[in-house]
Amino acid sequence: MNESISRATHSGKPDGEASGQRRPNVIVLFPDQLRALSLPMFGETQIATPNIDRLASEGLVLENAISNCPVCTPARAMLVTGRYPQTTGHLINTTRTRHSEISIGDTFAHWGYKTAWVGKWHLHTGLWPALDRMPQHPDWVPEGRDRLGFDYWRAYNQHMVYFNGFVNKDDWNYERWDGYETDGLLSYGKEFMDQAAEDPFLLFLSPHPPHYTPFQFAPDACYERLPEDLQMPANVPEHMRAIAADMYRHYLAMILAVDDMLGNLLDYLDARGLADNTILLFASDHGTQGGSQGVNPWSKKNPYEGSIRIPAIIRYPGVIQPGSSQRITSMVDFFPTLCGLAGLPVPRSIEGNNLADQWSNTSADHSAFIMNFSKWFDWFQDGAEWRGVRSQQFTYAKWLSGKTELYDLYEDPLQMTNIAGRGSAEESRLEEMLRVHQAQRQDELVPCTDWKHWLDEQRRVVRNAHGELSHPESQPDWSLLR
């Protein structure tokens, strides 16, 4: 990678502003529940994703990008705030984000960027609880601080209507997109980029596919591109292979739609002359089990590669050299890294790391702190609590139930042989890594219901690992932006 990564200047202005150069645009394409292992670039042979492959050839592939808490809302909160669940209070889905959180939208807007969020948000309560099981209804996120600094808003909190679905705009009224979600959302994204004109912009494109839906999953044309018989990996047990294969057909079809969306976006950037001055990040919030380790195919929240390992590719022509990096990259690292690449100061609220000039700095001592809190996605329910670490070679996890798991990913990439409990020096080292991570975050492995008092009756965060917090609608400390 080119070491001349832009930095804030002594004048206190971003480099681009100080030098007169046009600051780079930033686009984050962020499909939901896309695991790395289902892409050809990571070994899947049953589909072709030419557009993802093209981006990988033109950008930097982050081989060890990890979803620290593989559940939608906690993972998305880490992406948007650069902070861990123990700080933001996002332990389960459908939690309303504190108004005092400083987001990546706030940060880029502060430095003169136009900002947009298009697609799934899931950092609010939406319609909770009255219509939670009726996803065909609009799911509104109010204007103001609930949108965390994103001005152009064509989004929804959470629904699963992929054909002719709906977004809210400036108020509680909604409109439907035409056709499939990946096409509809990209149309909004193009509208925003056209409106931005010569101003630098930050755009998040957040399609819900390839997440589960109770409705139609993908366009027929995507299914036609799949083989008649799908093969499942060896870590899917025999009793689950039929249901896993059924799930996987829908899943791969939706991935093809996402690949088409990326190709459309790349063509648009080329046609508009924006590609060379645009940082493009392709990533996801978490993966899916797909039946591996005998877990429900659509489930995540497990300390296995299917759940925690996500694809991540970042392209910035002339600045980031194409290739790959083995550096452990956590969800909390994307926000500060994008700031670093754009030449913006990293807010002092951030708990992640700016990795913009660290891609070649790999070490066995680097690890991601991984975790799960609740058995259920939207409620505090005891029974699935675990904490762990993911290094380049190993995954180590301790469950509240007493179970311990250790996998050597070099020797056992499908995680079929648990080598915990053999008294190895490696297990002791990973256990100490976990202890350090937990101490840094003031985290405890306790029953999930011990954390219920972190939320009030409106599912707003009123406590975190540091104790009681100010009113959940308190304003941010904007001085942290400098």
# chains A, B, ... in the order shown; residues from 1 in each chain; ligands from 1
>>> select_by_dssp(residues="segment 103-333 of chain A", states="alpha helix (DSSP H)", output="ChimeraX atom specification")
/A:104-110,181-196,220-223,241-272,305-308,331-333
>>> residues_around(residues="Asp220 of chain A", least_positions_apart="4", cutoff="12 Å", atoms="only C-alpha atoms", output="list in words")
Phe163, Tyr180, Gln216, Glu224, Arg225, Leu226, Arg249, His250, Ala253, Met254, Leu256 and Ala257 of chain A
>>> write_last_selection(atoms="N, CA and C atoms", output="PDB file, in the first residue's frame")
ATOM      1  N   PHE A 163     -39.195  -7.240  -2.825  1.00  0.00           N
ATOM      2  CA  PHE A 163     -39.783  -6.798  -4.098  1.00  0.00           C
ATOM      3  C   PHE A 163     -40.777  -5.677  -3.820  1.00  0.00           C
ATOM      4  N   TYR A 180     -36.707  -5.304  -7.534  1.00  0.00           N
ATOM      5  CA  TYR A 180     -35.981  -5.949  -6.444  1.00  0.00           C
ATOM      6  C   TYR A 180     -35.184  -4.918  -5.647  1.00  0.00           C
ATOM      7  N   GLN A 216     -40.679 -13.577  -1.064  1.00  0.00           N
ATOM      8  CA  GLN A 216     -39.851 -14.021  -2.179  1.00  0.00           C
ATOM      9  C   GLN A 216     -38.410 -13.558  -1.968  1.00  0.00           C
ATOM     10  N   GLU A 224     -31.829 -19.091 -11.986  1.00  0.00           N
ATOM     11  CA  GLU A 224     -31.466 -19.753 -13.233  1.00  0.00           C
ATOM     12  C   GLU A 224     -29.956 -19.873 -13.405  1.00  0.00           C
ATOM     13  N   ARG A 225     -29.198 -19.099 -12.662  1.00  0.00           N
ATOM     14  CA  ARG A 225     -27.736 -19.119 -12.758  1.00  0.00           C
ATOM     15  C   ARG A 225     -27.101 -20.089 -11.753  1.00  0.00           C
ATOM     16  N   LEU A 226     -27.919 -20.837 -11.037  1.00  0.00           N
ATOM     17  CA  LEU A 226     -27.414 -21.778 -10.045  1.00  0.00           C
ATOM     18  C   LEU A 226     -27.376 -23.197 -10.605  1.00  0.00           C
ATOM     19  N   ARG A 249     -29.785 -22.440  -1.558  1.00  0.00           N
ATOM     20  CA  ARG A 249     -30.213 -22.035  -2.900  1.00  0.00           C
ATOM     21  C   ARG A 249     -30.746 -20.603  -2.882  1.00  0.00           C
ATOM     22  N   HIS A 250     -31.580 -20.291  -1.929  1.00  0.00           N
ATOM     23  CA  HIS A 250     -32.077 -18.908  -1.806  1.00  0.00           C
ATOM     24  C   HIS A 250     -30.924 -17.951  -1.515  1.00  0.00           C
ATOM     25  N   ALA A 253     -28.741 -17.286  -4.563  1.00  0.00           N
ATOM     26  CA  ALA A 253     -29.466 -16.460  -5.532  1.00  0.00           C
ATOM     27  C   ALA A 253     -29.423 -14.990  -5.124  1.00  0.00           C
ATOM     28  N   MET A 254     -29.586 -14.725  -3.835  1.00  0.00           N
ATOM     29  CA  MET A 254     -29.526 -13.339  -3.362  1.00  0.00           C
ATOM     30  C   MET A 254     -28.116 -12.767  -3.487  1.00  0.00           C
ATOM     31  N   LEU A 256     -26.059 -13.429  -5.859  1.00  0.00           N
ATOM     32  CA  LEU A 256     -25.924 -13.040  -7.266  1.00  0.00           C
ATOM     33  C   LEU A 256     -26.567 -11.680  -7.526  1.00  0.00           C
ATOM     34  N   ALA A 257     -27.686 -11.407  -6.864  1.00  0.00           N
ATOM     35  CA  ALA A 257     -28.318 -10.090  -7.010  1.00  0.00           C
ATOM     36  C   ALA A 257     -27.425  -8.997  -6.435  1.00  0.00           C
TER      37      ALA A 257
END
>>> closest_residue(among="A:Gly323, A:Pro209, A:Pro24, A:Pro233", to="Ser360 of chain A", atoms="only C-alpha atoms")
A:Gly323
>>> select_by_dssp(residues="segment 335-449 of chain A", states="strand (DSSP E)", output="PyMOL selection string")
chain A and resi 368-372+386-390+394-399+404-408
>>> atom_distance(atom1="atom CA of Arg459 of chain A", atom2="atom CA of His122 of chain A")
12.9 Å
>>> atom_distance(atom1="atom CA of Val141 of chain A", atom2="atom CA of Lys120 of chain A")
10.6 Å
>>> residues_around(residues="Ile243 of chain A", least_positions_apart="2", cutoff="10 Å", atoms="only C-alpha atoms", output="list in words")
His239, Met240, Arg241, Ala245, Asp246, Met247, Tyr248, Gly290, Gly291, Asn296 and Pro297 of chain A
>>> closest_atom_pairs(of="segment 189-280 of chain A", to="segment 41-53 of chain A", cutoff="10 Å", atoms="only C-alpha atoms", output="JSON lines")
{"residue": "A:Arg225", "atom": "CA", "partner": "A:Ile47", "partner_atom": "CA", "distance": 7.6}
{"residue": "A:Leu226", "atom": "CA", "partner": "A:Ile47", "partner_atom": "CA", "distance": 6.5}
{"residue": "A:Pro227", "atom": "CA", "partner": "A:Gln46", "partner_atom": "CA", "distance": 6.8}
{"residue": "A:Asp229", "atom": "CA", "partner": "A:Gln46", "partner_atom": "CA", "distance": 9.4}
{"residue": "A:Leu230", "atom": "CA", "partner": "A:Gln46", "partner_atom": "CA", "distance": 7.3}
{"residue": "A:Gln231", "atom": "CA", "partner": "A:Gln46", "partner_atom": "CA", "distance": 8.1}
{"residue": "A:Pro233", "atom": "CA", "partner": "A:Glu44", "partner_atom": "CA", "distance": 9.9}
{"residue": "A:Leu252", "atom": "CA", "partner": "A:Ile47", "partner_atom": "CA", "distance": 7.4}
{"residue": "A:Ala253", "atom": "CA", "partner": "A:Ile47", "partner_atom": "CA", "distance": 8.9}
{"residue": "A:Ile255", "atom": "CA", "partner": "A:Thr49", "partner_atom": "CA", "distance": 8.3}
{"residue": "A:Leu256", "atom": "CA", "partner": "A:Thr49", "partner_atom": "CA", "distance": 6.6}
{"residue": "A:Ala257", "atom": "CA", "partner": "A:Thr49", "partner_atom": "CA", "distance": 9.6}
{"residue": "A:Val258", "atom": "CA", "partner": "A:Ile52", "partner_atom": "CA", "distance": 9.0}
{"residue": "A:Asp259", "atom": "CA", "partner": "A:Asn51", "partner_atom": "CA", "distance": 5.7}
{"residue": "A:Asp260", "atom": "CA", "partner": "A:Asn51", "partner_atom": "CA", "distance": 7.0}
{"residue": "A:Met261", "atom": "CA", "partner": "A:Asn51", "partner_atom": "CA", "distance": 8.7}
{"residue": "A:Leu262", "atom": "CA", "partner": "A:Asn51", "partner_atom": "CA", "distance": 6.2}
{"residue": "A:Gly263", "atom": "CA", "partner": "A:Asn51", "partner_atom": "CA", "distance": 5.0}
{"residue": "A:Asn264", "atom": "CA", "partner": "A:Asn51", "partner_atom": "CA", "distance": 8.8}
{"residue": "A:Leu265", "atom": "CA", "partner": "A:Asn51", "partner_atom": "CA", "distance": 9.7}
{"residue": "A:Leu266", "atom": "CA", "partner": "A:Asn51", "partner_atom": "CA", "distance": 8.2}
>>> write_last_selection(atoms="N, CA and C atoms", output="PDB file, in the first residue's frame")
ATOM      1  N   ARG A 225     -29.198 -19.099 -12.662  1.00  0.00           N
ATOM      2  CA  ARG A 225     -27.736 -19.119 -12.758  1.00  0.00           C
ATOM      3  C   ARG A 225     -27.101 -20.089 -11.753  1.00  0.00           C
ATOM      4  N   LEU A 226     -27.919 -20.837 -11.037  1.00  0.00           N
ATOM      5  CA  LEU A 226     -27.414 -21.778 -10.045  1.00  0.00           C
ATOM      6  C   LEU A 226     -27.376 -23.197 -10.605  1.00  0.00           C
ATOM      7  N   PRO A 227     -26.478 -24.036 -10.127  1.00  0.00           N
ATOM      8  CA  PRO A 227     -26.479 -25.441 -10.555  1.00  0.00           C
ATOM      9  C   PRO A 227     -27.710 -26.160 -10.015  1.00  0.00           C
ATOM     10  N   ASP A 229     -27.954 -29.121  -8.601  1.00  0.00           N
ATOM     11  CA  ASP A 229     -27.676 -29.744  -7.301  1.00  0.00           C
ATOM     12  C   ASP A 229     -26.583 -28.962  -6.599  1.00  0.00           C
ATOM     13  N   LEU A 230     -26.844 -28.585  -5.375  1.00  0.00           N
ATOM     14  CA  LEU A 230     -25.867 -27.852  -4.584  1.00  0.00           C
ATOM     15  C   LEU A 230     -25.161 -28.799  -3.620  1.00  0.00           C
ATOM     16  N   GLN A 231     -23.878 -28.599  -3.493  1.00  0.00           N
ATOM     17  CA  GLN A 231     -23.065 -29.395  -2.575  1.00  0.00           C
ATOM     18  C   GLN A 231     -22.848 -28.598  -1.289  1.00  0.00           C
ATOM     19  N   PRO A 233     -20.750 -28.191   2.455  1.00  0.00           N
ATOM     20  CA  PRO A 233     -19.445 -28.555   3.029  1.00  0.00           C
ATOM     21  C   PRO A 233     -19.565 -29.656   4.082  1.00  0.00           C
ATOM     22  N   LEU A 252     -27.632 -18.190  -2.168  1.00  0.00           N
ATOM     23  CA  LEU A 252     -26.751 -17.937  -3.306  1.00  0.00           C
ATOM     24  C   LEU A 252     -27.445 -17.087  -4.369  1.00  0.00           C
ATOM     25  N   ALA A 253     -28.741 -17.286  -4.563  1.00  0.00           N
ATOM     26  CA  ALA A 253     -29.466 -16.460  -5.532  1.00  0.00           C
ATOM     27  C   ALA A 253     -29.423 -14.990  -5.124  1.00  0.00           C
ATOM     28  N   ILE A 255     -27.100 -13.596  -3.288  1.00  0.00           N
ATOM     29  CA  ILE A 255     -25.725 -13.119  -3.467  1.00  0.00           C
ATOM     30  C   ILE A 255     -25.490 -12.696  -4.910  1.00  0.00           C
ATOM     31  N   LEU A 256     -26.059 -13.429  -5.859  1.00  0.00           N
ATOM     32  CA  LEU A 256     -25.924 -13.040  -7.266  1.00  0.00           C
ATOM     33  C   LEU A 256     -26.567 -11.680  -7.526  1.00  0.00           C
ATOM     34  N   ALA A 257     -27.686 -11.407  -6.864  1.00  0.00           N
ATOM     35  CA  ALA A 257     -28.318 -10.090  -7.010  1.00  0.00           C
ATOM     36  C   ALA A 257     -27.425  -8.997  -6.435  1.00  0.00           C
ATOM     37  N   VAL A 258     -26.775  -9.273  -5.309  1.00  0.00           N
ATOM     38  CA  VAL A 258     -25.840  -8.308  -4.729  1.00  0.00           C
ATOM     39  C   VAL A 258     -24.663  -8.077  -5.672  1.00  0.00           C
ATOM     40  N   ASP A 259     -24.159  -9.134  -6.281  1.00  0.00           N
ATOM     41  CA  ASP A 259     -23.055  -8.987  -7.229  1.00  0.00           C
ATOM     42  C   ASP A 259     -23.475  -8.122  -8.412  1.00  0.00           C
ATOM     43  N   ASP A 260     -24.692  -8.322  -8.908  1.00  0.00           N
ATOM     44  CA  ASP A 260     -25.194  -7.484  -9.996  1.00  0.00           C
ATOM     45  C   ASP A 260     -25.276  -6.018  -9.551  1.00  0.00           C
ATOM     46  N   MET A 261     -25.709  -5.788  -8.310  1.00  0.00           N
ATOM     47  CA  MET A 261     -25.790  -4.425  -7.783  1.00  0.00           C
ATOM     48  C   MET A 261     -24.410  -3.764  -7.776  1.00  0.00           C
ATOM     49  N   LEU A 262     -23.404  -4.502  -7.322  1.00  0.00           N
ATOM     50  CA  LEU A 262     -22.053  -3.965  -7.314  1.00  0.00           C
ATOM     51  C   LEU A 262     -21.589  -3.643  -8.725  1.00  0.00           C
ATOM     52  N   GLY A 263     -21.856  -4.533  -9.671  1.00  0.00           N
ATOM     53  CA  GLY A 263     -21.459  -4.263 -11.042  1.00  0.00           C
ATOM     54  C   GLY A 263     -22.104  -3.005 -11.592  1.00  0.00           C
ATOM     55  N   ASN A 264     -23.381  -2.827 -11.309  1.00  0.00           N
ATOM     56  CA  ASN A 264     -24.099  -1.618 -11.724  1.00  0.00           C
ATOM     57  C   ASN A 264     -23.462  -0.382 -11.106  1.00  0.00           C
ATOM     58  N   LEU A 265     -23.096  -0.473  -9.820  1.00  0.00           N
ATOM     59  CA  LEU A 265     -22.451   0.649  -9.143  1.00  0.00           C
ATOM     60  C   LEU A 265     -21.096   0.969  -9.762  1.00  0.00           C
ATOM     61  N   LEU A 266     -20.298  -0.053 -10.028  1.00  0.00           N
ATOM     62  CA  LEU A 266     -18.985   0.175 -10.635  1.00  0.00           C
ATOM     63  C   LEU A 266     -19.119   0.836 -11.994  1.00  0.00           C
TER      64      LEU A 266
END
>>> residues_around(residues="segment 350-358 of chain A", least_positions_apart="3", cutoff="7 Å", atoms="only C-alpha atoms", output="JSON, numbers by chain")
{"A": [3, 5, 82, 83, 332, 333, 336, 337, 340, 341, 347, 361]}
>>> closest_residue(among="A:Asn25, A:Glu305, A:Ser367, A:Pro311", to="Leu203 of chain A", atoms="only C-alpha atoms")
A:Asn25
>>> residues_around(residues="Thr115 of chain A", least_positions_apart="3", cutoff="6 Å", atoms="only C-alpha atoms", output="NGL selection string")
:A and (150-151 or 201-203)
>>> closest_residue(among="A:Gln86, A:Asn68, A:Ser38, A:Gln326", to="His466 of chain A", atoms="only C-alpha atoms")
A:Gln86
>>> closest_residue(among="A:Gly343, A:Gly119, A:Asp408, A:Gln442", to="Phe204 of chain A", atoms="only C-alpha atoms")
A:Gly119
>>> decode(residues="segment 443-465 of chain A", atoms="N, CA and C atoms", output="CSV table (one decimal), in the first residue's frame")
chain,number,residue,atom,x,y,z
A,443,ASP,N,-16.0,-5.9,30.5
A,443,ASP,CA,-17.0,-6.9,30.1
A,443,ASP,C,-17.0,-8.1,31.1
A,444,GLU,N,-18.2,-8.7,31.3
A,444,GLU,CA,-18.3,-9.9,32.1
A,444,GLU,C,-19.1,-10.9,31.4
A,445,LEU,N,-18.7,-12.1,31.5
A,445,LEU,CA,-19.5,-13.2,30.9
A,445,LEU,C,-20.5,-13.7,32.0
A,446,VAL,N,-21.7,-13.1,31.9
A,446,VAL,CA,-22.8,-13.3,32.9
A,446,VAL,C,-24.1,-13.6,32.1
A,447,PRO,N,-25.1,-14.1,32.8
A,447,PRO,CA,-26.4,-14.3,32.1
A,447,PRO,C,-26.9,-13.1,31.4
A,448,CYS,N,-27.4,-13.3,30.2
A,448,CYS,CA,-27.9,-12.2,29.4
A,448,CYS,C,-28.9,-11.3,30.1
A,449,THR,N,-29.7,-11.9,30.9
A,449,THR,CA,-30.8,-11.1,31.6
A,449,THR,C,-30.2,-10.2,32.6
A,450,ASP,N,-28.9,-10.3,33.0
A,450,ASP,CA,-28.3,-9.4,33.9
A,450,ASP,C,-28.1,-8.0,33.3
A,451,TRP,N,-28.2,-8.0,32.0
A,451,TRP,CA,-28.0,-6.7,31.3
A,451,TRP,C,-29.3,-6.0,30.9
A,452,LYS,N,-30.4,-6.6,31.3
A,452,LYS,CA,-31.7,-6.0,30.9
A,452,LYS,C,-31.9,-4.5,31.3
A,453,HIS,N,-31.3,-4.2,32.5
A,453,HIS,CA,-31.5,-2.8,33.0
A,453,HIS,C,-30.8,-1.8,32.2
A,454,TRP,N,-30.0,-2.2,31.2
A,454,TRP,CA,-29.3,-1.2,30.3
A,454,TRP,C,-30.3,-0.5,29.4
A,455,LEU,N,-31.5,-1.1,29.2
A,455,LEU,CA,-32.5,-0.5,28.4
A,455,LEU,C,-33.7,0.0,29.2
A,456,ASP,N,-34.3,1.1,28.8
A,456,ASP,CA,-35.5,1.5,29.5
A,456,ASP,C,-36.7,0.9,28.8
A,457,GLU,N,-37.9,1.3,29.2
A,457,GLU,CA,-39.2,0.7,28.7
A,457,GLU,C,-39.4,1.1,27.2
A,458,GLN,N,-38.6,2.0,26.7
A,458,GLN,CA,-38.7,2.4,25.2
A,458,GLN,C,-37.5,1.8,24.5
A,459,ARG,N,-36.8,0.8,25.1
A,459,ARG,CA,-35.6,0.2,24.5
A,459,ARG,C,-34.5,1.2,24.2
A,460,ARG,N,-34.4,2.3,25.0
A,460,ARG,CA,-33.4,3.2,24.8
A,460,ARG,C,-32.2,2.8,25.8
A,461,VAL,N,-31.0,3.1,25.4
A,461,VAL,CA,-29.9,2.7,26.2
A,461,VAL,C,-29.7,3.8,27.4
A,462,VAL,N,-29.8,3.3,28.6
A,462,VAL,CA,-29.6,4.2,29.7
A,462,VAL,C,-28.4,3.8,30.6
A,463,ARG,N,-27.8,2.6,30.4
A,463,ARG,CA,-26.6,2.2,31.1
A,463,ARG,C,-25.7,1.5,30.1
A,464,ASN,N,-24.4,1.4,30.5
A,464,ASN,CA,-23.5,0.6,29.8
A,464,ASN,C,-22.5,0.0,30.8
A,465,ALA,N,-21.4,-0.6,30.3
A,465,ALA,CA,-20.5,-1.2,31.2
A,465,ALA,C,-19.8,-0.3,32.2
